[in-house]
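Below is the file work-v7.cif, which contains mmCIF, C-alpha atoms and all ligand atoms.
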data_structure
loop_
_atom_site.label_atom_id
_atom_site.label_comp_id
_atom_site.auth_asym_id
_atom_site.auth_seq_id
_atom_site.Cartn_x
_atom_site.Cartn_y
_atom_site.Cartn_z
CA MET Z 1500 137.66 -5.68 148.28
CA ILE Z 1501 136.66 -8.40 150.75
CA PRO Z 1502 139.84 -10.42 151.44
CA ARG Z 1503 139.88 -13.81 149.79
CA LYS Z 1504 140.65 -15.53 153.05
CA GLU Z 1505 137.39 -14.25 154.58
CA ILE Z 1506 135.39 -15.83 151.75
CA HIS Z 1507 137.37 -19.06 152.11
CA HIS Z 1508 136.68 -19.04 155.85
CA ILE Z 1509 132.93 -18.90 155.14
CA LEU Z 1510 133.32 -21.69 152.62
CA GLU Z 1511 135.11 -23.88 155.17
CA GLY Z 1512 132.04 -23.64 157.41
CA TYR Z 1513 129.75 -25.01 154.68
CA ALA Z 1514 128.14 -28.47 154.94
CA LYS Z 1515 129.66 -29.92 151.77
CA GLU Z 1516 126.81 -32.36 151.11
CA GLU Z 1517 124.29 -29.48 151.34
CA ILE Z 1518 125.87 -27.10 148.82
CA THR Z 1519 123.16 -25.11 147.03
CA ILE Z 1520 123.57 -23.26 143.75
CA ALA Z 1521 121.84 -19.85 143.60
CA THR Z 1522 121.54 -16.99 141.17
CA ILE Z 1523 119.31 -14.04 140.52
CA GLY Z 1524 116.30 -14.50 138.23
CA SER Z 1525 117.32 -12.97 134.90
CA HIS Z 1526 119.84 -13.39 132.02
CA THR Z 1527 120.94 -17.09 132.18
CA ALA Z 1528 119.21 -18.13 135.41
CA LEU Z 1529 117.07 -20.87 133.84
CA GLN Z 1530 120.14 -22.51 132.34
CA ILE Z 1531 122.11 -22.20 135.60
CA LEU Z 1532 119.23 -23.71 137.62
CA LYS Z 1533 118.80 -26.61 135.21
CA GLY Z 1534 122.56 -27.20 135.13
CA ALA Z 1535 122.70 -27.31 138.93
CA ARG Z 1536 119.85 -29.81 139.03
CA ASP Z 1537 121.41 -31.97 136.31
CA GLU Z 1538 124.57 -32.16 138.43
CA GLY Z 1539 122.60 -33.14 141.54
CA PHE Z 1540 122.70 -29.84 143.47
CA LYS Z 1541 119.84 -28.13 145.24
CA ASN Z 1542 119.17 -24.68 143.80
CA ILE Z 1543 117.63 -21.31 144.62
CA VAL Z 1544 116.49 -18.48 142.38
CA ILE Z 1545 116.29 -14.93 143.76
CA CYS Z 1546 113.51 -13.11 141.90
CA LYS Z 1547 112.47 -9.53 141.67
CA LYS Z 1548 108.84 -9.21 142.76
CA GLY Z 1549 106.59 -9.71 139.76
CA THR Z 1550 108.92 -12.02 137.82
CA GLU Z 1551 108.38 -15.19 139.89
CA GLU Z 1552 105.94 -16.64 137.34
CA VAL Z 1553 108.68 -17.42 134.80
CA TYR Z 1554 110.68 -19.41 137.32
CA GLN Z 1555 107.63 -21.14 138.78
CA GLN Z 1556 106.39 -22.08 135.34
CA PHE Z 1557 109.55 -23.90 134.31
CA GLY Z 1558 109.70 -25.63 137.69
CA LEU Z 1559 113.49 -25.67 137.77
CA ALA Z 1560 114.08 -24.12 141.22
CA ASP Z 1561 113.88 -25.89 144.58
CA GLU Z 1562 113.36 -22.58 146.33
CA LEU Z 1563 112.37 -19.11 145.20
CA LEU Z 1564 113.28 -16.02 147.24
CA THR Z 1565 111.63 -12.73 146.35
CA VAL Z 1566 113.19 -9.26 146.67
CA GLU Z 1567 111.78 -5.80 145.88
CA ASN Z 1568 115.10 -4.76 144.38
CA PHE Z 1569 118.18 -6.83 143.50
CA LYS Z 1570 120.42 -4.60 145.65
CA GLN Z 1571 118.59 -6.13 148.63
CA VAL Z 1572 120.76 -9.22 148.05
CA LEU Z 1573 123.62 -7.23 149.60
CA GLU Z 1574 121.78 -6.72 152.89
CA LYS Z 1575 123.47 -8.48 155.79
CA GLU Z 1576 120.41 -10.51 156.81
CA PHE Z 1577 119.82 -11.62 153.24
CA GLN Z 1578 123.42 -12.73 152.80
CA GLU Z 1579 123.31 -14.58 156.13
CA GLN Z 1580 120.22 -16.40 154.94
CA LEU Z 1581 122.14 -17.56 151.86
CA ILE Z 1582 125.20 -18.57 153.86
CA GLU Z 1583 122.99 -20.64 156.21
CA ARG Z 1584 121.79 -22.52 153.15
CA ASN Z 1585 125.41 -23.23 152.01
CA VAL Z 1586 124.92 -21.15 148.89
CA ILE Z 1587 127.42 -20.69 146.09
CA LEU Z 1588 126.28 -17.76 143.94
CA ILE Z 1589 126.69 -17.86 140.18
CA PRO Z 1590 127.29 -14.37 138.76
CA HIS Z 1591 125.89 -13.52 135.33
CA GLY Z 1592 125.65 -10.32 133.27
CA SER Z 1593 122.52 -8.95 134.90
CA PHE Z 1594 123.76 -9.97 138.33
CA VAL Z 1595 126.87 -7.81 137.86
CA GLU Z 1596 124.95 -4.93 136.26
CA TYR Z 1597 122.05 -4.77 138.75
CA ILE Z 1598 124.18 -5.11 141.88
CA SER Z 1599 127.26 -3.18 140.58
CA PRO Z 1600 130.79 -4.60 140.31
CA VAL Z 1601 132.19 -2.34 143.04
CA ARG Z 1602 129.49 -3.27 145.54
CA ILE Z 1603 129.91 -6.96 144.78
CA GLU Z 1604 133.66 -6.72 145.41
CA ASN Z 1605 133.25 -4.77 148.64
CA GLU Z 1606 130.03 -6.07 150.15
CA MET Z 1607 129.23 -9.57 148.90
CA PHE Z 1608 130.40 -12.13 151.44
CA VAL Z 1609 128.52 -15.07 149.98
CA PRO Z 1610 130.96 -17.36 148.11
CA MET Z 1611 130.68 -16.69 144.38
CA PHE Z 1612 131.88 -18.98 141.58
CA GLY Z 1613 135.02 -17.64 139.87
CA ASN Z 1614 137.63 -15.04 140.74
CA ARG Z 1615 135.99 -11.82 141.92
CA ALA Z 1616 139.13 -9.82 141.08
CA VAL Z 1617 138.10 -10.13 137.42
CA LEU Z 1618 135.22 -7.68 137.95
CA ASP Z 1619 137.66 -4.82 138.20
CA TRP Z 1620 139.44 -5.76 134.95
CA GLU Z 1621 136.24 -6.32 133.03
CA SER Z 1622 134.36 -3.19 134.08
CA ASP Z 1623 137.17 -0.69 133.41
CA ARG Z 1624 137.65 -0.10 129.65
CA LYS Z 1625 141.32 0.89 130.02
CA LYS Z 1626 142.18 -2.19 132.06
CA GLU Z 1627 140.18 -4.41 129.74
CA ARG Z 1628 142.14 -3.08 126.76
CA GLU Z 1629 145.45 -3.62 128.54
CA TRP Z 1630 144.45 -7.23 129.28
CA LEU Z 1631 143.43 -8.01 125.69
CA ASP Z 1632 146.42 -6.18 124.27
CA ARG Z 1633 148.85 -8.13 126.45
CA ALA Z 1634 147.10 -11.33 125.34
CA GLU Z 1635 148.15 -10.38 121.79
CA LEU Z 1636 144.62 -10.03 120.51
CA ARG Z 1637 144.08 -7.59 117.66
CA LEU Z 1638 142.02 -4.65 118.91
CA PRO Z 1639 140.10 -1.92 117.06
CA MET Z 1640 142.06 1.31 116.71
CA GLU Z 1641 141.23 4.01 119.22
CA PHE Z 1642 141.42 7.77 118.74
CA LYS Z 1643 142.32 9.99 121.70
CA ASP Z 1644 141.09 13.22 120.14
CA PRO Z 1645 137.84 13.63 118.11
CA ALA Z 1646 139.84 15.91 115.75
CA ASP Z 1647 141.78 12.83 114.62
CA ILE Z 1648 138.75 10.85 113.43
CA ASP Z 1649 139.55 9.75 109.86
CA ARG Z 1650 137.24 6.72 109.48
CA LEU Z 1651 133.96 5.41 110.83
CA VAL Z 1652 134.15 5.26 114.63
CA MET Z 1653 131.82 4.13 117.35
CA VAL Z 1654 131.58 6.52 120.28
CA LYS Z 1655 131.19 4.43 123.41
CA PHE Z 1656 130.00 5.96 126.67
CA PRO Z 1657 130.65 4.10 129.92
CA GLY Z 1658 127.00 4.16 131.01
CA ALA Z 1659 125.88 2.93 127.61
CA LYS Z 1660 127.18 -0.62 127.95
CA GLY Z 1661 124.89 -2.91 126.07
CA GLY Z 1662 124.94 -0.78 122.95
CA LYS Z 1663 122.28 1.83 123.80
CA GLY Z 1664 123.36 5.41 123.33
CA TYR Z 1665 126.44 4.70 121.22
CA ILE Z 1666 126.84 7.02 118.25
CA LEU Z 1667 128.66 6.61 114.95
CA ALA Z 1668 130.73 9.31 113.28
CA SER Z 1669 132.99 9.38 110.21
CA ASN Z 1670 134.76 12.70 110.76
CA PRO Z 1671 135.32 15.37 113.46
CA ASP Z 1672 132.37 17.54 112.30
CA GLU Z 1673 129.90 14.69 112.39
CA PHE Z 1674 131.18 13.80 115.87
CA GLU Z 1675 130.73 17.39 117.13
CA GLU Z 1676 127.24 17.67 115.70
CA LYS Z 1677 126.00 14.40 117.21
CA HIS Z 1678 127.84 14.84 120.48
CA LYS Z 1679 126.30 18.32 120.97
CA LYS Z 1680 122.81 16.88 120.52
CA LEU Z 1681 123.42 14.50 123.43
CA ASN Z 1682 123.78 17.45 125.83
CA LEU Z 1683 126.41 15.74 127.94
CA SER Z 1684 128.63 17.47 130.45
CA ASP Z 1685 132.24 18.08 129.36
CA LYS Z 1686 133.39 15.60 131.95
CA GLU Z 1687 131.48 12.71 130.39
CA GLU Z 1688 134.15 10.28 129.23
CA PHE Z 1689 133.91 8.37 125.99
CA THR Z 1690 135.99 6.04 123.84
CA LEU Z 1691 136.39 6.59 120.12
CA GLN Z 1692 136.75 3.14 118.63
CA GLU Z 1693 137.23 2.25 114.99
CA TYR Z 1694 134.05 0.62 113.64
CA VAL Z 1695 135.25 -2.71 112.31
CA ILE Z 1696 133.50 -4.06 109.23
CA GLY Z 1697 133.24 -7.84 109.14
CA THR Z 1698 131.20 -10.67 110.62
CA ARG Z 1699 130.61 -10.97 114.33
CA PHE Z 1700 131.46 -14.06 116.40
CA TYR Z 1701 131.01 -14.33 120.14
CA PRO Z 1702 132.76 -17.58 121.18
CA HIS Z 1703 131.82 -18.93 124.62
CA TYR Z 1704 134.74 -20.50 126.48
CA PHE Z 1705 135.13 -22.23 129.82
CA TYR Z 1706 138.42 -22.40 131.67
CA SER Z 1707 138.81 -25.13 134.26
CA PRO Z 1708 141.63 -24.58 136.75
CA LEU Z 1709 141.18 -28.22 137.84
CA THR Z 1710 142.13 -29.62 134.44
CA ASP Z 1711 143.98 -26.49 133.24
CA ARG Z 1712 141.99 -26.61 130.00
CA VAL Z 1713 140.21 -23.95 127.93
CA GLU Z 1714 137.08 -25.46 126.37
CA LEU Z 1715 135.17 -23.91 123.48
CA LEU Z 1716 131.57 -24.69 124.47
CA SER Z 1717 129.54 -22.69 121.93
CA MET Z 1718 129.27 -19.49 119.87
CA ASP Z 1719 126.59 -16.95 118.98
CA ILE Z 1720 125.86 -13.70 117.14
CA ARG Z 1721 123.97 -11.02 119.02
CA TYR Z 1722 120.76 -9.83 117.45
CA GLU Z 1723 120.72 -6.07 117.94
CA SER Z 1724 118.05 -3.42 117.66
CA ASN Z 1725 117.70 -1.30 115.66
CA VAL Z 1726 120.86 -1.93 113.59
CA ASP Z 1727 119.76 -5.40 112.48
CA GLY Z 1728 116.38 -3.95 111.50
CA ILE Z 1729 117.82 -1.04 109.53
CA SER Z 1730 119.74 -3.42 107.28
CA ARG Z 1731 116.46 -5.02 106.13
CA LEU Z 1732 115.21 -1.70 104.80
CA SER Z 1733 118.50 -0.15 103.77
CA TYR Z 1734 117.39 0.34 100.17
CA ILE Z 1735 114.30 2.30 101.32
CA LEU Z 1736 115.84 4.23 104.21
CA GLN Z 1737 119.03 5.27 102.37
CA ASP Z 1738 119.77 8.87 103.43
CA SER Z 1739 117.01 9.17 106.02
CA HIS Z 1740 117.90 6.21 108.20
CA PRO Z 1741 117.77 6.67 112.00
CA GLU Z 1742 120.96 6.63 114.10
CA PRO Z 1743 121.76 2.93 114.53
CA SER Z 1744 121.63 1.54 118.06
CA PHE Z 1745 123.11 -1.74 119.21
CA VAL Z 1746 120.81 -2.95 121.97
CA VAL Z 1747 120.93 -6.72 122.32
CA THR Z 1748 117.45 -8.19 121.95
CA GLY Z 1749 118.28 -11.82 121.23
CA ASN Z 1750 120.93 -14.26 120.05
CA LEU Z 1751 121.48 -16.31 116.90
CA PRO Z 1752 123.46 -19.56 116.70
CA VAL Z 1753 126.59 -19.72 114.59
CA VAL Z 1754 129.55 -22.00 113.88
CA VAL Z 1755 132.81 -20.69 112.52
CA ARG Z 1756 134.71 -21.93 109.48
CA GLU Z 1757 136.70 -24.89 110.82
CA SER Z 1758 140.04 -23.47 109.69
CA LEU Z 1759 139.44 -20.50 112.00
CA LEU Z 1760 139.09 -22.66 115.11
CA PRO Z 1761 142.84 -22.75 115.93
CA ARG Z 1762 142.89 -18.93 116.25
CA ILE Z 1763 139.67 -18.94 118.29
CA LEU Z 1764 141.21 -21.42 120.72
CA GLU Z 1765 144.51 -19.55 120.81
CA MET Z 1766 142.74 -16.30 121.72
CA GLY Z 1767 140.99 -18.04 124.64
CA GLN Z 1768 144.22 -19.58 125.88
CA ASN Z 1769 146.10 -16.28 125.64
CA VAL Z 1770 143.40 -14.46 127.59
CA ILE Z 1771 143.66 -17.04 130.38
CA LYS Z 1772 147.46 -16.99 130.47
CA THR Z 1773 147.52 -13.17 130.69
CA SER Z 1774 144.78 -13.09 133.33
CA ARG Z 1775 147.01 -15.19 135.60
CA GLU Z 1776 149.77 -12.60 135.28
CA LEU Z 1777 147.43 -9.65 135.86
CA PHE Z 1778 145.16 -10.90 138.66
CA SER Z 1779 146.27 -14.20 140.12
CA PRO Z 1780 144.94 -16.91 139.99
CA GLY Z 1781 143.32 -15.41 136.87
CA LEU Z 1782 139.99 -15.89 135.18
CA ILE Z 1783 138.06 -19.00 136.25
CA GLY Z 1784 135.05 -20.51 134.46
CA PRO Z 1785 133.03 -19.05 131.59
CA PHE Z 1786 134.02 -16.10 129.44
CA CYS Z 1787 133.31 -14.70 125.98
CA ILE Z 1788 135.53 -12.67 123.64
CA GLU Z 1789 133.46 -10.35 121.45
CA THR Z 1790 135.02 -10.38 118.00
CA ILE Z 1791 134.60 -9.30 114.41
CA CYS Z 1792 136.22 -11.39 111.69
CA THR Z 1793 137.47 -9.26 108.78
CA GLU Z 1794 137.68 -10.26 105.13
CA ASN Z 1795 141.36 -11.09 105.77
CA LEU Z 1796 140.14 -13.70 108.28
CA GLU Z 1797 141.57 -11.80 111.20
CA PHE Z 1798 139.66 -11.56 114.46
CA ILE Z 1799 139.42 -8.09 115.98
CA ALA Z 1800 138.37 -8.28 119.64
CA PHE Z 1801 136.41 -5.32 120.97
CA GLU Z 1802 135.37 -6.59 124.38
CA ILE Z 1803 135.53 -9.47 126.87
CA SER Z 1804 132.78 -10.69 129.18
CA ALA Z 1805 134.41 -12.55 132.04
CA ARG Z 1806 131.39 -14.64 133.06
CA ILE Z 1807 128.48 -16.56 131.53
CA VAL Z 1808 126.91 -14.62 128.62
CA ALA Z 1809 123.30 -14.75 127.44
CA GLY Z 1810 124.26 -16.21 124.03
CA THR Z 1811 124.82 -19.53 125.82
CA ASN Z 1812 121.03 -19.78 126.34
CA LEU Z 1813 120.84 -21.13 122.81
CA TYR Z 1814 122.66 -24.26 123.90
CA ILE Z 1815 120.90 -25.57 127.00
CA ASN Z 1816 120.94 -28.96 125.33
CA GLY Z 1817 124.52 -28.59 124.11
CA SER Z 1818 126.08 -26.99 121.01
CA PRO Z 1819 127.91 -28.42 117.98
CA TYR Z 1820 131.15 -27.84 119.93
CA SER Z 1821 130.08 -29.06 123.38
CA GLN Z 1822 128.78 -32.24 121.73
CA LEU Z 1823 132.30 -32.97 120.53
CA LEU Z 1824 133.69 -32.46 124.04
CA TYR Z 1825 130.95 -34.18 126.07
CA GLN Z 1826 128.81 -37.24 125.48
CA GLU Z 1827 125.88 -35.55 127.27
CA PRO Z 1828 124.08 -32.20 126.95
CA MET Z 1829 126.55 -29.69 128.40
CA SER Z 1830 125.36 -26.10 128.67
CA THR Z 1831 127.65 -23.46 130.15
CA GLY Z 1832 125.32 -23.37 133.18
CA ARG Z 1833 125.76 -27.11 133.68
CA ARG Z 1834 129.52 -26.87 133.10
CA ILE Z 1835 129.77 -24.44 136.03
CA SER Z 1836 128.02 -26.89 138.34
CA ARG Z 1837 130.17 -29.74 136.99
CA GLU Z 1838 133.29 -27.76 137.94
CA ILE Z 1839 131.92 -27.15 141.44
CA LYS Z 1840 131.12 -30.87 141.76
CA GLU Z 1841 134.63 -31.87 140.66
CA ALA Z 1842 136.18 -29.32 143.04
CA LEU Z 1843 134.08 -30.72 145.90
CA ARG Z 1844 135.24 -34.25 145.04
CA GLU Z 1845 138.87 -33.10 145.15
CA ASP Z 1846 138.25 -31.05 148.28
CA SER Z 1847 139.45 -27.95 146.45
CA LEU Z 1848 136.47 -25.58 146.29
CA ASP Z 1849 138.87 -22.74 147.05
CA ARG Z 1850 140.40 -23.22 143.58
CA VAL Z 1851 137.14 -22.28 141.84
CA ILE Z 1852 135.87 -19.72 144.33
CA CYS Z 1853 138.34 -16.91 145.00
P1 LIG Z 1901 129.51 -3.54 123.26
O1 LIG Z 1901 128.69 -2.71 124.20
O2 LIG Z 1901 130.95 -3.13 123.22
O3 LIG Z 1901 129.34 -5.02 123.53
O4 LIG Z 1901 128.96 -3.28 121.79
C1 LIG Z 1901 127.60 -3.49 121.43
C2 LIG Z 1901 127.53 -3.89 119.98
O5 LIG Z 1901 128.09 -2.86 119.15
C3 LIG Z 1901 128.34 -5.12 119.62
O6 LIG Z 1901 127.65 -6.32 119.87
C4 LIG Z 1901 128.62 -4.92 118.13
O7 LIG Z 1901 127.53 -5.25 117.31
C5 LIG Z 1901 128.81 -3.43 118.05
N1 LIG Z 1901 130.23 -3.02 118.17
C6 LIG Z 1901 130.90 -2.73 119.31
N2 LIG Z 1901 132.15 -2.34 119.06
C7 LIG Z 1901 132.30 -2.40 117.71
C8 LIG Z 1901 133.37 -2.10 116.82
N3 LIG Z 1901 134.54 -1.66 117.26
N4 LIG Z 1901 133.15 -2.28 115.48
C9 LIG Z 1901 131.95 -2.71 115.01
N5 LIG Z 1901 130.90 -2.98 115.80
C10 LIG Z 1901 131.07 -2.84 117.15
#
This entry written out as structure tokens:
Amino acid sequence: MIPRKEIHHILEGYAKEEITIATIGSHTALQILKGARDEGFKNIVICKKGTEEVYQQFGLADELLTVENFKQVLEKEFQEQLIERNVILIPHGSFVEYISPVRIENEMFVPMFGNRAVLDWESDRKKEREWLDRAELRLPMEFKDPADIDRLVMVKFPGAKGGKGYILASNPDEFEEKHKKLNLSDKEEFTLQEYVIGTRFYPHYFYSPLTDRVELLSMDIRYESNVDGISRLSYILQDSHPEPSFVVTGNLPVVVRESLLPRILEMGQNVIKTSRELFSPGLIGPFCIETICTENLEFIAFEISARIVAGTNLYINGSPYSQLLYQEPMSTGRRISREIKEALREDSLDRVIC
């Protein structure tokens, strides 16, 4: 991992009045670009060749850099170009996935919003579970051995993040049959996780180290293919339905029953407190806990995304929650730039970039 002090050294060389916000063109880039502009920053979008049109059409970027492949962002000359422009990069889901968490940690010198140590805790399922468990979140049961399966489980493969390629099984035989069809090597790891029945909520939080406050900015439900399509035809498909897949194709807005808000806030605060103990100074900025609320009104958390998530795109003009916190439209993208602006004002950029 690139030592923190090297990143801070680069940051010290920046012209503070010329700070530029940049991200790669995908996921939540439009929101991040607009947020930067709303907060008075210059901005740059790094596009993969062929996708420039989207970013040109919305006219939200001051500069557009084109690459053949997103991994090109790691090239020394490219990074130097960004550093010359006093760039702070904003990581998002696609940014992490296309460039790879390990390569970001080891090769990305350009200052990036947040704590890069979080990448390691988020991308490793075992570490992620330890983090959430220590934060006293309720987690789905996990089975070590397929022979122990005694209820509906979701079989999660590491490469299948994003819900594609997961399989469901209710007993050891069903697992064996479906697993064999996948033709995987014996070494292919997987997690057997209890399939929790309930309603999904994906609350979007923001933690500010400057104010030491966890803010609930918005919430969504992921719209997933083909599982959300199967349910529309369940009475026709019955026994012949295809294996459900859980590929996110969109997002739906949601608010939670008000009496559940205290627990939602508590979960966010616990996650932050534990992150400080596990990887100091802990998680900084946006994060989302992926939960299912059971009929007993208990939240079961099955994953955490330690950065801006795509569900926040619903709320570029603010959400029912952000409107209670801010008297102006406050998207998560804008909130990131607001934090950078406040840190600049207090001469403490190193508290939000580490
Ligand atoms: P993930 O890749 O862990 O974000 O999961 C993709 C999707 O699968 C989620 O958005 C949920 O719809 C569903 N899912 C994941 N884990 C569980 C679980 N333990 N119980 C029920 N549904 C789940």
Around ligand LIG 1901 (chain Z), with edges along x, y and z and 4 Å added on all six sides, what centre and edge lengths do you get, in Å to one decimal, as AutoDock Vina command-line options?
--center_x 131.0 --center_y -4.0 --center_z 119.6 --size_x 15.0 --size_y 12.7 --size_z 17.2
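Nearest residue to Lys1840 in chain Z among Z:Glu1714, Z:Glu1516, Z:Asp1644, Z:Asp1719 is Z:Glu1516, counting only C-alpha atoms.
In this structure, CA of Leu1732 in chain Z sits 26.5 Å away from CA of Val1754 in chain Z.
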### Message
What does the structure give for the distance between CA of Gly1558 in chain Z and CA of Ile1523 in chain Z, in Å to one decimal?
### Response
15.3 Å
### Message
I want to know what sits within 6 Å of range 1688-1695 of chain Z, based on all atoms listed in the file, with residues of the same chain fewer than 2 positions away left out; could you give that as a ChimeraX atom specification?
### Response
/Z:1639-1642,1651-1656
How would the residues just chosen look if you wrote them out with C-alpha atoms as a CSV table (one decimal), in the frame of the given file?
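For reference, selection_4.csv as written:
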chain,number,residue,atom,x,y,z
Z,1639,PRO,CA,140.1,-1.9,117.1
Z,1640,MET,CA,142.1,1.3,116.7
Z,1641,GLU,CA,141.2,4.0,119.2
Z,1642,PHE,CA,141.4,7.8,118.7
Z,1651,LEU,CA,134.0,5.4,110.8
Z,1652,VAL,CA,134.2,5.3,114.6
Z,1653,MET,CA,131.8,4.1,117.4
Z,1654,VAL,CA,131.6,6.5,120.3
Z,1655,LYS,CA,131.2,4.4,123.4
Z,1656,PHE,CA,130.0,6.0,126.7
#### Entry: Distance query range 1811-1817 of chain Z at most 6 Å, all atoms listed in the file, self and fewer than 6 positions along chain excluded, as a list in words
Pro1828, Met1829 and Ser1830 of chain Z
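You can rank Z:Ser1684, Z:Ser1836, Z:Thr1748, Z:Asn1614 by their closest distance to ligand LIG 1901 (chain Z) using all atoms listed in the file, and at the top of that list sits Z:Thr1748.
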